[in-house]
Amino acid sequence: MRRSFVVPWAVLALAVVAAGASTSCGPSTTPPRPPDPAPLTAQERARALDELARARTAGDASAAAAVNGRLARDARLRARRVLDYWLARRDPESGLWAHSEGRPRWVPQNTGADLWPHLLSAARELAPEHALAVASALARERALCGALPCTVLLSPPRAVLRSPMPVRLSRAAEYAADGLLPPSERYGRGPWFDRLVEVANALVAEIGPRAATGDSETDGNLLQALARLAHATRDDRIVAAAERMADRYLLEWIPAAGGLPPREWDFDRGAPSVPDFRFRDHGAEIVPGLAEVYVAERALGRPAAARHRDPLRRLLARALAVERAPDGLWRDKVDLSTGAAAGGVVDTWGYLLAAYVMTDLADGTRDWGPTVSEMVAAAASRAGYAWEGSNPDGPADAIESMLLLLPFSPSPAGEAFVDAELPAIFALQDGDGSAGAGYLDGNVIRTALLYAGWKSAGVAPRPPREDLALGAERSPDGPGITLHFAAHSPWSGRLVFDSPRHRLHWSMPFDYPRRNAQPEWFAIESEARYRVRDLDSGVRRELAGAVLLAGLEVEIGRGGGGVRLEIRETSAP
């Protein structure tokens with residue numbers, strides 16, 4: 001068990017006390033808390049980005065971190081308002097949330113996959129007092145549905161179990177990948193992880209000897225869940241199920257379909273039942289799913305890696321050889337026989353591109369590096385593009401695509417794209433906090449928290465408060481960040497740093513870009529050493545990473561104030 005370290009910030013001479021504030025430990029009168037900050041206007045955001053550019057040009061990391069703190073605060077504030085909107089609409093009898101259309105009902109592939117996990121993250125990160133209520137929906141859904149998730153009619157709650165099995169399998173796989181993987185990625189073991197294992201095992205049991213459903217979306221979602229569970233559990237049944245499905249696609253169906261995965265496979269005819277492959281989501285999940293299985297096979301030393309390596313690389317090469325947009329981005333779908341493309345540019349380009357990064361990482365190669373850089377640049381040039389019209393899912397997926405890849409393919413243009421694209425999400429938000437009052441409101445939370453995590457390098461204040469501004473600027477010359485933390489009124493708590501979650505939560509040997517994961521912008525190793533310097537007082541201390549993971553205690557006195565810190569790794573474990 002990791003020891004807990006408490007480092008009083010006053011002992012480190014890094015406490016911030018406003019002029020005239022008492023430093024005694026006795027009772028004091030706390031001044032009234034100022035009004036909660038309002039979201040940034042478009043003009044305020046534009047000015048902040050101009051200020052950020054000037055700070056970076058001047059090499060002023062502290063000023064850049066301060067601007068990032070304001071931008072992160074704005075994102076968290078918007079996520080909190082979506083959370084508040086939906087907390088008020090929780091069904092009191094079932095504890096679930098209703099789909100936005102038709103009869104009130106919980107729908108696993110919509111409210112379960114696209115709304116609930118992000119309400120949970122918002123509650124845990126921004127309003128811990130509500131976290132238990134949001135998490136309890138999981139137990140209620142399980143009690144009503146059983147091992148496979150189902151639609152639940154509300155008021156009174158009643159499970160709908162009569163759906164055809166292929167439909168239930170599709171919904172369950174999407175719930176596993178989009179609903180249960182996000183909290184498992186962010187928080188590790190917990191009821192969401194246990195439910196993920198249960199749903200994955202139930203899916204494998206229902207599929208049986210066919211090894212796959214034949215639907216590329218369903219199979220791709222399930223493969224991504226199985227691959228990560230293979231790392232975490234080392235359960236031979238889970239690993240073997242993933243390998244059987246990979247065999248079906250890489251060794252049988254993809255070669256028979258001309259080098260690309262068929263969207264649907266007809267078991268009776270032994271041929272594709274749909275003559276195209278969908279590069280957009282709801283079809284393309286199979287490509288990163290197959291790559292994730294290969295990563296797991298290599299990490300676990302499985303013999304299957306040898307038979308899957310070349311077919312996977314041929315698939316990736318074929319996906320690049322089809323007709324694409326002039327800038328290189330994939331289009332909606334392609335004909336399996338001709339490679340001719342149709343439809344618009346896909347917003348989920350980064351989910352597909354991640355397959356190239358993870359394959360290179362698994363093999364220790366750089367074969368796809370230029371391709372990744374070129375496509376990142378192509379996407380970066382499309383700031384303001386109507387990815388899916390007015391649907392918030394489009395810009396949300398495009399932003400997540402870029403954020404997932406930036407740690408592995410750094411790009412100033414890509415960073416500028418994220419800053420420029422974010423208003424397309426926030427512009428959809430109404431005064432009541434919603435962005436359409438539907439289950440896709442979860443996209444606002446997901447994107448806002450991803451953005452805030454990027455702007456703060458994964459460091460978070462505990463306890464949270466809406467006026468807190470915590471931003472970071474990464475050092476260009478090695479592992480390190482500059483932090484700027486500010487509060488409008490007295491606050492005491494801890495600044496908690498991020499950990500190498502890929503290893504601690506999944507037992508992965510290395511990090512790689514994957515859907516529904518939050519990037520590790522500045523992951524602290526518990527056994528490493530870090531130099532912490534107060535940029536105002538000049539005081540320096542060298543601390544073990546375990547101290548940063550437990551949280552640095554900070555106190556801001558009456559009148560508010562700020563803390564400016566530089567943290568650099570001095571020795572690796």
# chains A, B, ... in the order shown; residues from 1 in each chain; ligands from 1
call {"tool": "residues_around", "arguments": {"residues": "range 335-348 of chain A", "least_positions_apart": "2", "cutoff": "9 Å", "atoms": "only C-alpha atoms", "output": "MDAnalysis selection string"}}
result
chainID A and resid 257:262 275:277 279:281 284 318:319 321:325 329:333 350:353 387:388 393:401
call {"tool": "residues_around", "arguments": {"residues": "Gly220 in chain A", "least_positions_apart": "4", "cutoff": "9 Å", "atoms": "only C-alpha atoms", "output": "NGL selection string"}}
result
:A and (173 or 215-216 or 224-225 or 283-290)
call {"tool": "closest_residue", "arguments": {"among": "A:Arg568, A:Arg89, A:Arg558, A:His118", "to": "Glu542 in chain A", "atoms": "only C-alpha atoms"}}
result
A:Arg568
call {"tool": "select_by_dssp", "arguments": {"residues": "range 297-338 of chain A", "states": "alpha helix (DSSP H)", "output": "VMD selection string"}}
result
chain A and resid 297 to 300 304 to 321
call {"tool": "write_last_selection", "arguments": {"atoms": "C-alpha atoms", "output": "CSV table (one decimal), in the first residue's frame"}}
result
chain,number,residue,atom,x,y,z
A,297,GLU,CA,-0.8,-9.9,-27.4
A,298,ARG,CA,2.7,-8.4,-27.7
A,299,ALA,CA,2.7,-7.2,-24.1
A,300,LEU,CA,1.6,-10.6,-22.8
A,304,ALA,CA,-1.1,-15.0,-31.6
A,305,ALA,CA,0.9,-11.8,-32.1
A,306,ALA,CA,3.0,-13.5,-34.7
A,307,ARG,CA,0.1,-14.5,-36.9
A,308,HIS,CA,-1.7,-11.1,-36.5
A,309,ARG,CA,1.2,-8.7,-37.1
A,310,ASP,CA,1.4,-8.8,-40.9
A,311,PRO,CA,-2.4,-9.0,-41.5
A,312,LEU,CA,-2.9,-6.0,-39.2
A,313,ARG,CA,-0.2,-4.0,-41.0
A,314,ARG,CA,-1.8,-4.9,-44.4
A,315,LEU,CA,-5.1,-3.6,-43.1
A,316,LEU,CA,-3.6,-0.3,-42.0
A,317,ALA,CA,-1.8,0.1,-45.3
A,318,ARG,CA,-5.1,-0.6,-47.2
A,319,ALA,CA,-7.0,1.9,-45.1
A,320,LEU,CA,-4.5,4.6,-46.3
A,321,ALA,CA,-4.7,3.4,-49.9
call {"tool": "residues_around", "arguments": {"residues": "Val82 in chain A", "least_positions_apart": "2", "cutoff": "7 Å", "atoms": "only C-alpha atoms", "output": "MDAnalysis selection string"}}
result
chainID A and resid 78:80 84:86 433:434 445
call {"tool": "write_last_selection", "arguments": {"atoms": "C-alpha atoms", "output": "mmCIF file, in the first residue's frame"}}
result
data_model
loop_
_atom_site.group_PDB
_atom_site.id
_atom_site.type_symbol
_atom_site.label_atom_id
_atom_site.label_comp_id
_atom_site.auth_asym_id
_atom_site.auth_seq_id
_atom_site.Cartn_x
_atom_site.Cartn_y
_atom_site.Cartn_z
ATOM 1 C CA ARG A 78 -19.382 24.676 -18.088
ATOM 2 C CA ALA A 79 -19.127 20.991 -17.226
ATOM 3 C CA ARG A 80 -20.510 21.712 -13.758
ATOM 4 C CA ASP A 84 -26.394 20.543 -12.327
ATOM 5 C CA TYR A 85 -28.950 20.475 -15.139
ATOM 6 C CA TRP A 86 -29.045 16.679 -15.178
ATOM 7 C CA GLY A 433 -26.496 24.502 -18.668
ATOM 8 C CA SER A 434 -27.771 21.984 -21.191
ATOM 9 C CA ILE A 445 -18.786 17.361 -20.077
#
call {"tool": "residues_around", "arguments": {"residues": "Ala424 in chain A", "least_positions_apart": "4", "cutoff": "9 Å", "atoms": "only C-alpha atoms", "output": "VMD selection string"}}
result
chain A and resid 384 390 392 395 to 396 420 428
call {"tool": "write_last_selection", "arguments": {"atoms": "C-alpha atoms", "output": "PDB file, in the first residue's frame"}}
result
ATOM      1  CA  GLY A 384     -14.251  25.657 -37.674  1.00  0.00           C
ATOM      2  CA  SER A 390     -25.007  21.231 -35.538  1.00  0.00           C
ATOM      3  CA  PRO A 392     -22.224  18.392 -30.767  1.00  0.00           C
ATOM      4  CA  PRO A 395     -16.599  18.730 -32.846  1.00  0.00           C
ATOM      5  CA  ALA A 396     -16.414  16.737 -29.595  1.00  0.00           C
ATOM      6  CA  ALA A 420     -10.042  27.195 -31.761  1.00  0.00           C
ATOM      7  CA  LEU A 428     -24.370  24.941 -28.010  1.00  0.00           C
TER       8      LEU A 428
END
call {"tool": "residues_around", "arguments": {"residues": "Leu406 in chain A", "least_positions_apart": "5", "cutoff": "12 Å", "atoms": "only C-alpha atoms", "output": "PyMOL selection string"}}
result
chain A and resi 350+353-354+357+372-373+375-377+380+399-401+411-418+454+512-513+518-521
